[in-house]
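Structure, as structure tokens:
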Amino acid sequence: MAASMMHAQSKEYSLNFDSEKYTIKTAQVAGKEISFRAYENVVYVSHPVDVRYQSMNIYIPVEYYEGKNIRKYNADTAPIFLPNDVGRYMSSQAGAPIKDRRTGKDNAILVALSKGYVVASPGARGRKLTNDKAQYIGKAPAAIVDLKAAVRYLRFNDKIMPGNAEKIISNGTSAGGALSVLLGASGNQKIYHSYLNELGAAAARDDIFAVSAYCPIINLDNADAAYEWQYGHVKDYKVINLVHPGYIEIFTETLTEEQIAVQPKLAAMFPKYVNSLKLKDENGKTLTLNDKGEGTFKEYVKKFVINSANKAISEGNDLSKYSWLEFKNKKVVGLDFKTYSKEYLSRSKSAPAFDALDLSAGENNLFGDLTVDNKHFTKFSATESSVKAEMADVDIVKMMNPMNFIKNTSTQNWRIRHGAKDADTSLAISTILATTLRNHKKAVDFAMPWDIVHRGDYDLEELFEWMDKISTK
């Protein structure tokens, strides 16, 4: 029995969508009133571990029950937008159509409904979740299993629900972005089946049509090495504490001698990893790094930052204050990557950034099990560990890394955004993802938007333009 799935609730839930169990809701979006059926707290597995998180909210424009169209879509053709609200790999409940509390703007669910999308927002279990026996029931791979189960529910009920389950488009930010990527990469992979079967997931496929991911925290096996490749020369890092909603404290810490000692060791591991991937750019040029971390791959990463800077200039921004940018004829043509990483981005994590030697990172917590809260998940940190610790199961580590599944994915359409001012993981990680997908003949829209820190859903009009384009071509 899969350890993270044990002790499900005794009640069995039906997997048949109840089309009569809804309320009608209205909202104002861009000055226009929209109405939709709200099917909320829909449990998507027959044997849930925790219904608070293993349920989703489904919102369907009323027009689709009246035989009407919204723009290009009708009840049969409307794509299904699948946004998750997961952050830091913590438990997340189903999302709802509300105003964004930070910006006051319509959130992605509201915008999707206004544009004729059916919305299904699933909750998912997270790394701190426990049951009444104080057992951890949300450790990896619980979150991705839950999202797969939600997709299966939608496919299982496709004939009786408005919306096209062959056009499911996932969306998420940070850890949620990672899960969005993993959902797209790992569709129908057998390694997850025992977990899905134990939950009583629907007998249906779990592949999806397209992926939208903002700043995905992925490739955790190699993220520490990538981080030191970019930030190994930086010894101070910013710590952000959420005091209460709407107020944060930011202060600076300095790496310890022990942490500084592992920086060059990790950085030295990265070129070997990059070279093993045999990546190629759009022109077929091989992307590599030498032993010092220099080479065509680094120049390729820099190209995305340079393109972002030039786009910002074309939109009226003055970037002349940045001495680490090289200009020619009012365009950026070069970038001092080390200074850019230190002064503009600034390091945001200690070393190692993800598999902490003392098991203090959130990712250590993610890879615990039913009774052990934190584990190492890389050989490097397990060897260098400063505390007595267990190593996570290799299959579970595999299940959380989308890079292991890309060559077999049927998901063709990908949109990836990593802010040019986002230091929560190395820029190399998203670049490797996008390039690997392209090398496997996938359609990839990848960019590093200027001055964007670690957040998502900041360009919803552009996102939905992309979604419309791939959904109707």
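In the structure tokens, chains take letters A, B, ... by order of appearance, with residues numbered from 1 within each chain and ligands from 1 in the order shown.
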Exercise for the section: With a distance cut-off of 8 Å and only C-alpha atoms, select the neighbouring residues of region 105-121 of chain A, excluding the residue or stretch itself and same-chain residues fewer than 3 positions from it, and output the selection as JSON, numbers by chain. Expected result: {"A": [27, 29, 34, 36, 56, 57, 58, 59, 60, 61, 70, 71, 73, 74, 78, 79, 80, 81, 82, 83, 84, 94, 95, 96, 97, 98, 99, 100, 101, 162, 163, 457, 460, 464]}
Would you write out those residues with C-alpha atoms, as a PDB file, in the first residue's frame?
ATOM      1  CA  ALA A  27     -19.523  38.763 -11.222  1.00  0.00           C
ATOM      2  CA  VAL A  29     -15.330  41.406 -15.169  1.00  0.00           C
ATOM      3  CA  ILE A  34     -21.036  37.383 -16.261  1.00  0.00           C
ATOM      4  CA  PHE A  36     -22.033  30.983 -14.260  1.00  0.00           C
ATOM      5  CA  MET A  56     -12.428  20.926  -6.820  1.00  0.00           C
ATOM      6  CA  ASN A  57     -14.598  23.842  -7.813  1.00  0.00           C
ATOM      7  CA  ILE A  58     -16.089  23.726 -11.297  1.00  0.00           C
ATOM      8  CA  TYR A  59     -17.482  26.880 -12.900  1.00  0.00           C
ATOM      9  CA  ILE A  60     -19.425  26.827 -16.159  1.00  0.00           C
ATOM     10  CA  PRO A  61     -20.824  29.863 -18.019  1.00  0.00           C
ATOM     11  CA  ILE A  70     -19.147  32.814 -26.005  1.00  0.00           C
ATOM     12  CA  ARG A  71     -16.755  34.155 -28.603  1.00  0.00           C
ATOM     13  CA  TYR A  73     -16.613  28.543 -27.923  1.00  0.00           C
ATOM     14  CA  ASN A  74     -19.730  26.540 -27.119  1.00  0.00           C
ATOM     15  CA  ALA A  78     -14.873  25.275 -24.691  1.00  0.00           C
ATOM     16  CA  PRO A  79     -11.405  24.465 -23.302  1.00  0.00           C
ATOM     17  CA  ILE A  80     -11.150  23.585 -19.616  1.00  0.00           C
ATOM     18  CA  PHE A  81      -8.871  25.883 -17.613  1.00  0.00           C
ATOM     19  CA  LEU A  82      -7.283  23.971 -14.710  1.00  0.00           C
ATOM     20  CA  PRO A  83      -5.557  26.415 -12.319  1.00  0.00           C
ATOM     21  CA  ASN A  84      -4.101  25.230  -9.026  1.00  0.00           C
ATOM     22  CA  ALA A  94      -9.833  24.646  -4.659  1.00  0.00           C
ATOM     23  CA  GLY A  95      -9.668  28.127  -6.153  1.00  0.00           C
ATOM     24  CA  ALA A  96     -12.636  30.460  -6.602  1.00  0.00           C
ATOM     25  CA  PRO A  97     -13.547  33.424  -8.853  1.00  0.00           C
ATOM     26  CA  ILE A  98     -12.412  36.383  -6.751  1.00  0.00           C
ATOM     27  CA  LYS A  99     -10.434  39.596  -6.971  1.00  0.00           C
ATOM     28  CA  ASP A 100      -6.701  39.138  -6.487  1.00  0.00           C
ATOM     29  CA  ARG A 101      -5.997  40.279  -2.894  1.00  0.00           C
ATOM     30  CA  PRO A 162     -19.900  21.296 -20.847  1.00  0.00           C
ATOM     31  CA  GLY A 163     -16.298  21.795 -21.886  1.00  0.00           C
ATOM     32  CA  ASP A 457      -0.703  35.489 -13.333  1.00  0.00           C
ATOM     33  CA  LEU A 460      -3.452  37.278 -18.024  1.00  0.00           C
ATOM     34  CA  PHE A 464      -5.433  33.862 -22.648  1.00  0.00           C
TER      35      PHE A 464
END
How close does each residue of region 345-411 of chain A get to region 245-269 of chain A, giving the shortest atom pair and distance in Å to one decimal for every residue with an atom at most 8 Å away, counting only C-alpha atoms, sorted by chain and residue number, as a Markdown table?
| residue | atom | partner | partner_atom | distance |
| --- | --- | --- | --- | --- |
| A:Ser350 | CA | A:Leu255 | CA | 6.2 |
| A:Ala351 | CA | A:Gln259 | CA | 5.2 |
| A:Pro352 | CA | A:Gln259 | CA | 7.0 |
Using the selection just defined, write its residues with N, CA and C atoms as a PDB file, in the first residue's frame.
ATOM      1  N   SER A 350      19.941  29.931   0.955  1.00  0.00           N
ATOM      2  CA  SER A 350      21.246  29.516   1.465  1.00  0.00           C
ATOM      3  C   SER A 350      21.793  28.399   0.575  1.00  0.00           C
ATOM      4  N   ALA A 351      22.816  27.715   1.028  1.00  0.00           N
ATOM      5  CA  ALA A 351      23.425  26.653   0.232  1.00  0.00           C
ATOM      6  C   ALA A 351      23.540  25.372   1.071  1.00  0.00           C
ATOM      7  N   PRO A 352      23.126  24.242   0.492  1.00  0.00           N
ATOM      8  CA  PRO A 352      22.382  24.095  -0.754  1.00  0.00           C
ATOM      9  C   PRO A 352      20.991  24.728  -0.656  1.00  0.00           C
TER      10      PRO A 352
END
Problem - Test item: residues at most 12 Å from His440 (chain A), only C-alpha atoms, excluding those fewer than 4 positions along its chain, as JSON, numbers by chain - result: {"A": [185, 277, 278, 279, 280, 281, 282, 403, 405, 406, 407, 408, 409, 410, 411, 412, 413, 433, 434, 435, 436, 444]}
Selected residues, C-alpha atoms, written as a short mmCIF file (atom, residue, chain, number, x, y, z; two decimals), in the first residue's frame, please.
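The result, stored in selection06.cif:
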data_model
loop_
_atom_site.label_atom_id
_atom_site.label_comp_id
_atom_site.auth_asym_id
_atom_site.auth_seq_id
_atom_site.Cartn_x
_atom_site.Cartn_y
_atom_site.Cartn_z
CA ALA A 185 5.00 15.87 -18.64
CA LEU A 277 21.43 16.65 -21.77
CA LYS A 278 22.83 17.29 -25.27
CA LEU A 279 20.67 20.39 -25.63
CA LYS A 280 20.48 22.35 -28.87
CA ASP A 281 19.27 25.88 -29.57
CA GLU A 282 16.76 26.84 -32.28
CA MET A 403 12.45 16.02 -16.75
CA PHE A 405 9.02 12.09 -18.50
CA ILE A 406 9.31 14.75 -21.21
CA LYS A 407 10.47 12.39 -23.95
CA ASN A 408 7.20 10.43 -23.63
CA THR A 409 4.69 13.22 -23.08
CA SER A 410 1.85 13.77 -25.52
CA THR A 411 1.31 17.35 -24.29
CA GLN A 412 2.30 19.55 -27.20
CA ASN A 413 1.72 23.13 -26.01
CA LEU A 433 12.97 22.81 -19.33
CA ALA A 434 12.01 24.98 -22.30
CA THR A 435 14.96 23.81 -24.39
CA THR A 436 14.35 20.13 -23.64
CA VAL A 444 7.09 26.29 -26.43
#
Problem - For Val239 (chain A), the nearest of the candidates A:Ala423, A:Ala312, A:Ala124, A:Leu366, counting only C-alpha atoms - result: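 Once distances to Val239 (chain A) are computed over only C-alpha atoms, the minimum belongs to A:Ala423.
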Exercise for the section: Just the residues within 12 Å of Arg155 (chain A), please, counting only C-alpha atoms, with nothing from its chain fewer than 3 positions along; format it as a VMD selection string. Expected result: chain A and resid 15 to 17 44 80 120 148 to 152 158 to 168 201 to 209
Completion exercise
The residue from A:Tyr214, A:Tyr340, A:Phe327, A:Tyr192 with the smallest atom-to-atom distance to Ser180 (chain A), counting only C-alpha atoms, is A:Tyr214
Exercise for the section: Name the residues of region 308-367 of chain A that come out as strand (DSSP E) in a backbone DSSP run; write them as a list in words. Expected result: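 Reading the DSSP output for region 308-367 of chain A, strand (DSSP E) covers Leu325, Glu326, Phe327, Lys328, Lys331, Val332, Val333, Gly334 and Leu335 of chain A.
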Problem - Nearby residues (only C-alpha atoms) at most 12 Å from Asn290 (chain A), same-chain spacing under 2 positions excluded, as a list of chain:residue names - result: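 After dropping sequence-adjacent residues, the list is A:Trp229, A:Ala267, A:Ala268, A:Met269, A:Phe270, A:Pro271, A:Lys272, A:Tyr273, A:Val274, A:Asn275, A:Leu287, A:Thr288, A:Lys292, A:Gly293, A:Glu294, A:Gly295, A:Thr296, A:Phe297, A:Lys298.
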Exercise for the section: Run DSSP on the backbone and give me the residues of region 152-380 of chain A it puts in alpha helix (DSSP H), as a count of residues only. Expected result: 85
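Using only C-alpha atoms, the shortest contact distance between Val394 (chain A) and any of A:Asp221, A:Glu63, A:Glu462, A:Asp50 is found at A:Asp221.
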Problem - Close residues, Gln54 (chain A) itself excluded, 10 Å, only C-alpha atoms, min 2 positions apart in chain, as a ChimeraX atom specification - result: /A:41-52,56,91-94,122-125,143,146-147,149-150,199
